[in-house]
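One file, query_0.pdb, is given below (PDB, C-alpha atoms and all ligand atoms).
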ATOM      1  CA  MET M 122       4.826 -21.548 -10.075  1.00  0.00           C
ATOM      2  CA  LYS M 123       5.799 -20.856 -13.695  1.00  0.00           C
ATOM      3  CA  THR M 124       9.423 -21.716 -14.339  1.00  0.00           C
ATOM      4  CA  ALA M 125      11.271 -20.959 -17.565  1.00  0.00           C
ATOM      5  CA  ILE M 126      14.734 -21.985 -18.612  1.00  0.00           C
ATOM      6  CA  TYR M 127      16.968 -19.731 -20.659  1.00  0.00           C
ATOM      7  CA  PRO M 128      19.644 -22.059 -22.088  1.00  0.00           C
ATOM      8  CA  GLY M 129      22.836 -21.188 -23.898  1.00  0.00           C
ATOM      9  CA  SER M 130      26.595 -21.283 -24.031  1.00  0.00           C
ATOM     10  CA  PHE M 131      27.067 -17.829 -22.496  1.00  0.00           C
ATOM     11  CA  ASP M 132      30.756 -17.712 -23.398  1.00  0.00           C
ATOM     12  CA  PRO M 133      30.587 -15.073 -21.949  1.00  0.00           C
ATOM     13  CA  VAL M 134      27.243 -13.519 -21.009  1.00  0.00           C
ATOM     14  CA  THR M 135      26.648 -10.317 -23.017  1.00  0.00           C
ATOM     15  CA  LEU M 136      24.411  -7.320 -22.346  1.00  0.00           C
ATOM     16  CA  GLY M 137      22.047  -8.833 -24.944  1.00  0.00           C
ATOM     17  CA  HIS M 138      21.739 -12.020 -22.874  1.00  0.00           C
ATOM     18  CA  PHE M 139      21.265  -9.960 -19.735  1.00  0.00           C
ATOM     19  CA  ASP M 140      18.418  -8.040 -21.355  1.00  0.00           C
ATOM     20  CA  ILE M 141      16.640 -11.326 -22.147  1.00  0.00           C
ATOM     21  CA  ILE M 142      17.206 -12.637 -18.598  1.00  0.00           C
ATOM     22  CA  LYS M 143      15.826  -9.442 -17.056  1.00  0.00           C
ATOM     23  CA  ARG M 144      12.735  -9.414 -19.266  1.00  0.00           C
ATOM     24  CA  SER M 145      12.052 -13.140 -18.702  1.00  0.00           C
ATOM     25  CA  SER M 146      12.304 -12.610 -14.950  1.00  0.00           C
ATOM     26  CA  GLU M 147       9.423 -10.140 -15.277  1.00  0.00           C
ATOM     27  CA  ILE M 148       7.270 -12.691 -17.132  1.00  0.00           C
ATOM     28  CA  PHE M 149       7.965 -15.859 -15.110  1.00  0.00           C
ATOM     29  CA  ASP M 150       7.988 -16.637 -11.380  1.00  0.00           C
ATOM     30  CA  GLN M 151      11.358 -18.299 -11.716  1.00  0.00           C
ATOM     31  CA  VAL M 152      13.998 -18.232 -14.458  1.00  0.00           C
ATOM     32  CA  ILE M 153      16.819 -20.735 -14.562  1.00  0.00           C
ATOM     33  CA  VAL M 154      19.727 -19.798 -16.766  1.00  0.00           C
ATOM     34  CA  GLY M 155      21.043 -23.118 -18.100  1.00  0.00           C
ATOM     35  CA  VAL M 156      24.691 -23.093 -19.102  1.00  0.00           C
ATOM     36  CA  LEU M 157      25.611 -25.844 -21.530  1.00  0.00           C
ATOM     37  CA  CYS M 158      28.524 -27.865 -20.233  1.00  0.00           C
ATOM     38  CA  ASN M 159      29.839 -30.147 -22.986  1.00  0.00           C
ATOM     39  CA  ASN M 160      29.888 -27.574 -25.728  1.00  0.00           C
ATOM     40  CA  ALA M 161      31.255 -28.539 -29.136  1.00  0.00           C
ATOM     41  CA  LYS M 162      32.222 -24.893 -29.646  1.00  0.00           C
ATOM     42  CA  SER M 163      35.272 -25.283 -27.280  1.00  0.00           C
ATOM     43  CA  PRO M 164      34.506 -22.312 -25.088  1.00  0.00           C
ATOM     44  CA  LEU M 165      36.944 -19.653 -23.913  1.00  0.00           C
ATOM     45  CA  PHE M 166      35.636 -19.948 -20.354  1.00  0.00           C
ATOM     46  CA  SER M 167      35.083 -23.147 -18.372  1.00  0.00           C
ATOM     47  CA  VAL M 168      31.510 -23.950 -17.391  1.00  0.00           C
ATOM     48  CA  GLU M 169      32.329 -23.004 -13.769  1.00  0.00           C
ATOM     49  CA  GLU M 170      33.621 -19.612 -14.915  1.00  0.00           C
ATOM     50  CA  ARG M 171      30.549 -19.017 -17.092  1.00  0.00           C
ATOM     51  CA  VAL M 172      28.189 -19.942 -14.246  1.00  0.00           C
ATOM     52  CA  LYS M 173      30.065 -17.609 -11.867  1.00  0.00           C
ATOM     53  CA  MET M 174      29.910 -14.734 -14.357  1.00  0.00           C
ATOM     54  CA  LEU M 175      26.165 -15.201 -14.802  1.00  0.00           C
ATOM     55  CA  GLU M 176      25.665 -15.371 -11.037  1.00  0.00           C
ATOM     56  CA  GLU M 177      27.543 -12.109 -10.696  1.00  0.00           C
ATOM     57  CA  VAL M 178      25.474 -10.193 -13.272  1.00  0.00           C
ATOM     58  CA  THR M 179      22.126 -11.606 -12.066  1.00  0.00           C
ATOM     59  CA  LYS M 180      22.776 -11.262  -8.328  1.00  0.00           C
ATOM     60  CA  ASP M 181      20.195  -8.472  -7.967  1.00  0.00           C
ATOM     61  CA  ILE M 182      17.377 -10.406  -9.669  1.00  0.00           C
ATOM     62  CA  PRO M 183      15.914 -12.600  -6.916  1.00  0.00           C
ATOM     63  CA  ASN M 184      13.925 -14.993  -9.135  1.00  0.00           C
ATOM     64  CA  VAL M 185      16.884 -15.925 -11.358  1.00  0.00           C
ATOM     65  CA  GLU M 186      19.215 -18.823 -10.676  1.00  0.00           C
ATOM     66  CA  VAL M 187      22.061 -20.250 -12.700  1.00  0.00           C
ATOM     67  CA  GLN M 188      22.789 -23.932 -13.273  1.00  0.00           C
ATOM     68  CA  SER M 189      25.005 -25.844 -15.661  1.00  0.00           C
ATOM     69  CA  PHE M 190      23.668 -28.772 -17.620  1.00  0.00           C
ATOM     70  CA  ASP M 191      24.944 -31.583 -19.742  1.00  0.00           C
ATOM     71  CA  GLY M 192      23.052 -33.657 -22.298  1.00  0.00           C
ATOM     72  CA  LEU M 193      19.625 -32.877 -23.675  1.00  0.00           C
ATOM     73  CA  LEU M 194      17.996 -29.577 -22.802  1.00  0.00           C
ATOM     74  CA  VAL M 195      14.579 -31.228 -22.477  1.00  0.00           C
ATOM     75  CA  ASP M 196      15.940 -33.607 -19.799  1.00  0.00           C
ATOM     76  CA  PHE M 197      17.266 -30.621 -17.885  1.00  0.00           C
ATOM     77  CA  MET M 198      13.856 -28.960 -18.296  1.00  0.00           C
ATOM     78  CA  ARG M 199      12.075 -32.008 -16.900  1.00  0.00           C
ATOM     79  CA  GLN M 200      14.472 -32.278 -13.942  1.00  0.00           C
ATOM     80  CA  ASN M 201      13.536 -28.699 -13.050  1.00  0.00           C
ATOM     81  CA  HIS M 202       9.803 -29.052 -13.787  1.00  0.00           C
ATOM     82  CA  ALA M 203      10.071 -26.272 -16.356  1.00  0.00           C
ATOM     83  CA  LYS M 204       7.749 -26.120 -19.347  1.00  0.00           C
ATOM     84  CA  VAL M 205       9.052 -23.073 -21.220  1.00  0.00           C
ATOM     85  CA  ILE M 206      12.365 -22.532 -22.994  1.00  0.00           C
ATOM     86  CA  VAL M 207      13.245 -18.884 -23.544  1.00  0.00           C
ATOM     87  CA  ARG M 208      15.412 -17.911 -26.509  1.00  0.00           C
ATOM     88  CA  GLY M 209      16.369 -14.510 -27.852  1.00  0.00           C
ATOM     89  CA  LEU M 210      15.936 -13.718 -31.550  1.00  0.00           C
ATOM     90  CA  ARG M 211      18.250 -11.062 -32.954  1.00  0.00           C
ATOM     91  CA  ALA M 212      17.639 -11.186 -36.678  1.00  0.00           C
ATOM     92  CA  ILE M 213      16.214 -13.327 -39.437  1.00  0.00           C
ATOM     93  CA  THR M 214      19.571 -15.129 -39.616  1.00  0.00           C
ATOM     94  CA  ASP M 215      18.873 -16.624 -36.171  1.00  0.00           C
ATOM     95  CA  PHE M 216      15.459 -17.820 -37.214  1.00  0.00           C
ATOM     96  CA  GLU M 217      16.238 -20.975 -39.171  1.00  0.00           C
ATOM     97  CA  TYR M 218      18.398 -22.526 -36.473  1.00  0.00           C
ATOM     98  CA  GLU M 219      16.079 -21.422 -33.680  1.00  0.00           C
ATOM     99  CA  LEU M 220      13.009 -22.789 -35.446  1.00  0.00           C
ATOM    100  CA  GLN M 221      14.728 -26.131 -36.017  1.00  0.00           C
ATOM    101  CA  LEU M 222      15.857 -26.298 -32.373  1.00  0.00           C
ATOM    102  CA  ALA M 223      12.377 -25.404 -31.088  1.00  0.00           C
ATOM    103  CA  GLN M 224      10.705 -27.942 -33.363  1.00  0.00           C
ATOM    104  CA  MET M 225      13.158 -30.695 -32.449  1.00  0.00           C
ATOM    105  CA  ASN M 226      12.601 -30.016 -28.752  1.00  0.00           C
ATOM    106  CA  ARG M 227       8.846 -30.009 -29.302  1.00  0.00           C
ATOM    107  CA  VAL M 228       8.983 -33.400 -31.060  1.00  0.00           C
ATOM    108  CA  ILE M 229      11.084 -35.037 -28.354  1.00  0.00           C
ATOM    109  CA  ALA M 230       9.199 -33.296 -25.506  1.00  0.00           C
ATOM    110  CA  PRO M 231       5.681 -32.287 -26.622  1.00  0.00           C
ATOM    111  CA  GLU M 232       4.851 -30.777 -23.224  1.00  0.00           C
ATOM    112  CA  ILE M 233       7.610 -28.162 -23.597  1.00  0.00           C
ATOM    113  CA  ASP M 234       7.226 -24.902 -25.514  1.00  0.00           C
ATOM    114  CA  THR M 235       9.756 -22.349 -26.729  1.00  0.00           C
ATOM    115  CA  LEU M 236       9.108 -18.659 -26.210  1.00  0.00           C
ATOM    116  CA  PHE M 237      11.091 -16.223 -28.355  1.00  0.00           C
ATOM    117  CA  LEU M 238      11.864 -12.754 -27.130  1.00  0.00           C
ATOM    118  CA  THR M 239      13.121 -10.283 -29.689  1.00  0.00           C
ATOM    119  CA  THR M 240      16.437  -8.853 -28.623  1.00  0.00           C
ATOM    120  CA  ASN M 241      16.607  -5.226 -27.632  1.00  0.00           C
ATOM    121  CA  LEU M 242      17.506  -3.323 -30.834  1.00  0.00           C
ATOM    122  CA  LYS M 243      20.493  -1.863 -29.019  1.00  0.00           C
ATOM    123  CA  TYR M 244      22.047  -5.338 -28.968  1.00  0.00           C
ATOM    124  CA  ALA M 245      20.662  -6.791 -32.196  1.00  0.00           C
ATOM    125  CA  TYR M 246      24.132  -7.114 -33.740  1.00  0.00           C
ATOM    126  CA  LEU M 247      25.793  -8.504 -30.640  1.00  0.00           C
ATOM    127  CA  SER M 248      27.090 -12.027 -30.012  1.00  0.00           C
ATOM    128  CA  SER M 249      29.552 -13.503 -27.538  1.00  0.00           C
ATOM    129  CA  SER M 250      31.818 -14.559 -30.425  1.00  0.00           C
ATOM    130  CA  MET M 251      31.983 -11.065 -31.902  1.00  0.00           C
ATOM    131  CA  ALA M 252      32.638  -9.496 -28.504  1.00  0.00           C
ATOM    132  CA  LYS M 253      35.458 -12.024 -27.999  1.00  0.00           C
ATOM    133  CA  GLU M 254      36.923 -11.249 -31.404  1.00  0.00           C
ATOM    134  CA  VAL M 255      37.029  -7.530 -30.619  1.00  0.00           C
ATOM    135  CA  ALA M 256      38.650  -8.298 -27.240  1.00  0.00           C
ATOM    136  CA  MET M 257      41.162 -10.681 -28.799  1.00  0.00           C
ATOM    137  CA  TYR M 258      42.518  -7.871 -30.968  1.00  0.00           C
ATOM    138  CA  GLY M 259      42.595  -5.415 -28.066  1.00  0.00           C
ATOM    139  CA  GLY M 260      39.412  -3.492 -29.016  1.00  0.00           C
ATOM    140  CA  ASP M 261      37.025  -1.781 -26.613  1.00  0.00           C
ATOM    141  CA  ILE M 262      34.282  -4.164 -25.430  1.00  0.00           C
ATOM    142  CA  SER M 263      32.643  -1.898 -22.850  1.00  0.00           C
ATOM    143  CA  GLU M 264      29.538  -1.463 -25.057  1.00  0.00           C
ATOM    144  CA  PHE M 265      28.907  -5.211 -25.183  1.00  0.00           C
ATOM    145  CA  LEU M 266      29.582  -6.645 -21.741  1.00  0.00           C
ATOM    146  CA  ASP M 267      29.024  -5.785 -18.111  1.00  0.00           C
ATOM    147  CA  PRO M 268      32.258  -4.150 -16.809  1.00  0.00           C
ATOM    148  CA  VAL M 269      32.973  -7.121 -14.492  1.00  0.00           C
ATOM    149  CA  ILE M 270      32.691  -9.542 -17.434  1.00  0.00           C
ATOM    150  CA  ALA M 271      34.662  -7.299 -19.812  1.00  0.00           C
ATOM    151  CA  LYS M 272      37.538  -7.270 -17.304  1.00  0.00           C
ATOM    152  CA  GLN M 273      37.558 -11.068 -17.120  1.00  0.00           C
ATOM    153  CA  VAL M 274      37.557 -11.404 -20.909  1.00  0.00           C
ATOM    154  CA  GLN M 275      40.471  -8.989 -21.202  1.00  0.00           C
ATOM    155  CA  GLU M 276      42.383 -10.826 -18.467  1.00  0.00           C
ATOM    156  CA  LYS M 277      41.733 -14.170 -20.166  1.00  0.00           C
ATOM    157  CA  TYR M 278      43.142 -12.956 -23.493  1.00  0.00           C
ATOM    158  CA  GLN M 279      46.083 -11.353 -21.705  1.00  0.00           C
ATOM    159  CA  ALA M 280      46.861 -14.650 -19.952  1.00  0.00           C
ATOM    160  CA  LEU M 281      46.568 -16.576 -23.233  1.00  0.00           C
ATOM    161  CA  GLN M 282      48.879 -14.062 -24.907  1.00  0.00           C
ATOM    162  CA  GLU M 283      51.483 -14.354 -22.112  1.00  0.00           C
ATOM    163  CA  ASP M 284      51.208 -18.127 -22.331  1.00  0.00           C
ATOM    164  CA  ARG M 285      51.982 -17.995 -26.049  1.00  0.00           C
ATOM    165  CA  GLU M 286      54.922 -15.631 -25.543  1.00  0.00           C
ATOM    166  CA  CYS M 287      56.484 -17.975 -22.960  1.00  0.00           C
ATOM    167  CA  LYS M 288      56.604 -20.912 -25.398  1.00  0.00           C
TER     168      LYS M 288
HETATM  169  O1  LIG L 301      23.839 -20.135 -26.972  1.00  0.00           O
HETATM  170  P1  LIG L 301      23.760 -21.296 -27.901  1.00  0.00           P
HETATM  171  O2  LIG L 301      25.100 -21.959 -28.041  1.00  0.00           O
HETATM  172  O3  LIG L 301      23.131 -20.952 -29.212  1.00  0.00           O
HETATM  173  O4  LIG L 301      22.774 -22.377 -27.176  1.00  0.00           O
HETATM  174  C1  LIG L 301      22.444 -23.584 -27.810  1.00  0.00           C
HETATM  175  C2  LIG L 301      21.765 -24.531 -26.830  1.00  0.00           C
HETATM  176  C3  LIG L 301      22.588 -24.713 -25.561  1.00  0.00           C
HETATM  177  C4  LIG L 301      20.413 -23.988 -26.446  1.00  0.00           C
HETATM  178  C5  LIG L 301      21.558 -25.898 -27.558  1.00  0.00           C
HETATM  179  O5  LIG L 301      22.759 -26.270 -28.163  1.00  0.00           O
HETATM  180  C6  LIG L 301      21.127 -27.027 -26.638  1.00  0.00           C
HETATM  181  O6  LIG L 301      20.024 -27.016 -26.138  1.00  0.00           O
HETATM  182  N1  LIG L 301      22.036 -27.999 -26.422  1.00  0.00           N
HETATM  183  C7  LIG L 301      21.783 -29.156 -25.567  1.00  0.00           C
HETATM  184  C8  LIG L 301      21.563 -30.428 -26.408  1.00  0.00           C
HETATM  185  C9  LIG L 301      20.156 -30.423 -26.959  1.00  0.00           C
HETATM  186  O7  LIG L 301      19.191 -30.622 -26.236  1.00  0.00           O
HETATM  187  N2  LIG L 301      20.026 -30.128 -28.280  1.00  0.00           N
HETATM  188  C10 LIG L 301      18.713 -29.968 -28.912  1.00  0.00           C
HETATM  189  C11 LIG L 301      18.168 -31.254 -29.471  1.00  0.00           C
HETATM  190  S1  LIG L 301      19.159 -31.823 -30.799  1.00  0.00           S
END
Show me this structure written as structure tokens.
Amino acid sequence: MKTAIYPGSFDPVTLGHFDIIKRSSEIFDQVIVGVLCNNAKSPLFSVEERVKMLEEVTKDIPNVEVQSFDGLLVDFMRQNHAKVIVRGLRAITDFEYELQLAQMNRVIAPEIDTLFLTTNLKYAYLSSSMAKEVAMYGGDISEFLDPVIAKQVQEKYQALQEDRECK
């Protein structure tokens, strides 16, 4: 059985991420979406919330499962007997970081390869951070996120706003 892991922060999952998950699920027997737990980026959503959101959007893809992980990606790969890391490439600006990450992983775990899928052109500009920025200022995010996720992002910013107003 060929298992791939698609790792990331997914804060939150975007339609661009979903496109990569869907396409990977057609290439591999099993795809594990790995949600990084101890993220230096101080995420908007907790790891439990991010896992739940991913489970919701992938519920109709039977060979996809979602797990959180902490520590090195290659250790998580080995625990799951996975040999392929899937990453999406949007533009040349992603390339330097992605190449470095893939090479580092290859040095510390020579049995593991990274497979890059080019992002659907429709979502080439899209990132979780940009979607969040639009949402933070009350903009329309329906083009970027699944409706269920968009609602949760809007509610999160609303709650943060109310929190600020109370103090
Ligand atoms: O969606 P992101 O934030 O670009 O994903 C980055 C991620 C989670 C793939 C990367 O930060 C990662 O693998 N972190 C775990 C620690 C690790 O193994 N780092 C690579 C070796 S330094």
- Could you give me the residues within 9 Å of ligand LIG 301 (chain L), counting all atoms listed in the file, as a PyMOL selection string? chain M and resi 127-132+155-162+190-197+206+208+218-219+221-223+225-226+229+249
With a cut-off of 10 Å, could you pull out the residues of segment 135-233 of chain M touching segment 240-246 of chain M and give me the nearest pair of atoms for each, distance in Å to one decimal, using all atoms listed in the file, ordered by chain and ascending number, as a tab-separated table?
residue	atom	partner	partner_atom	distance
M:Thr135	CA	M:Tyr244	CA	9.0
M:Leu136	CA	M:Tyr244	CA	7.3
M:Gly137	CA	M:Tyr244	CA	5.3
M:His138	CA	M:Thr240	CA	8.4
M:Asp140	CA	M:Asn241	CA	7.1
M:Ile141	CA	M:Thr240	CA	6.9
M:Arg208	CA	M:Thr240	CA	9.4
M:Gly209	CA	M:Thr240	CA	5.7
M:Leu210	CA	M:Thr240	CA	5.7
M:Arg211	CA	M:Ala245	CA	5.0
M:Ala212	CA	M:Ala245	CA	7.0
- Apply the PyMOL selection byres (((chain M and resi 234) around 10) and not hetatm) to the displayed file and report the matching residues as a ChimeraX atom specification. /M:125,203-207,223-224,226-227,230-233,235-237
- Would you kindly translate the PyMOL selection byres (((chain M and resi 251) around 12) and not hetatm) into the concrete residues it picks from this file, as a list of chain:residue names? M:Asp132, M:Pro133, M:Thr135, M:Tyr244, M:Tyr246, M:Leu247, M:Ser248, M:Ser249, M:Ser250, M:Ala252, M:Lys253, M:Glu254, M:Val255, M:Ala256, M:Met257, M:Tyr258, M:Gly260, M:Asp261, M:Ile262, M:Phe265, M:Leu266
- Do you have the atom CA of Ile182 of chain M-atom CA of Lys123 of chain M distance handy? 16.1 Å
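In terms of minimum interatomic distance to Gln279 of chain M, M:Gly259 ranks closest within M:Glu147, M:Asp215, M:Gly259, M:Ile142, counting only C-alpha atoms.
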- Message: Between atom CA of Ile213 of chain M and atom CA of Leu238 of chain M, what is the distance in Å, rounded to a tenth?
- Response: 13.1 Å
- Task: Report the residues retrieved by the PyMOL selection byres (((chain M and resi 173) around 12) and not hetatm) from the displayed file, expressed as JSON, numbers by chain.
- Result: {"M": [131, 132, 133, 134, 154, 156, 166, 167, 168, 169, 170, 171, 172, 174, 175, 176, 177, 178, 179, 180, 186, 187, 188, 189, 269, 270, 273]}
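Using only C-alpha atoms, the nearest neighbour of Val274 of chain M within the list M:Val185, M:Glu286, M:Met122, M:Leu165 is M:Leu165.
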- Task: Have a look at atom CA of Met198 of chain M and atom CA of Pro164 of chain M and let me know their distance in Å, one decimal.
- Result: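 That distance, rounded to one decimal, is 22.7 Å.
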Centre, x/y/z edge lengths, axis-aligned box for segment 235-254 of chain M with 8 Å per side, as JSON:
{"center_x": 23.0, "center_y": -12.1, "center_z": -30.0, "size_x": 43.8, "size_y": 36.5, "size_z": 23.5}
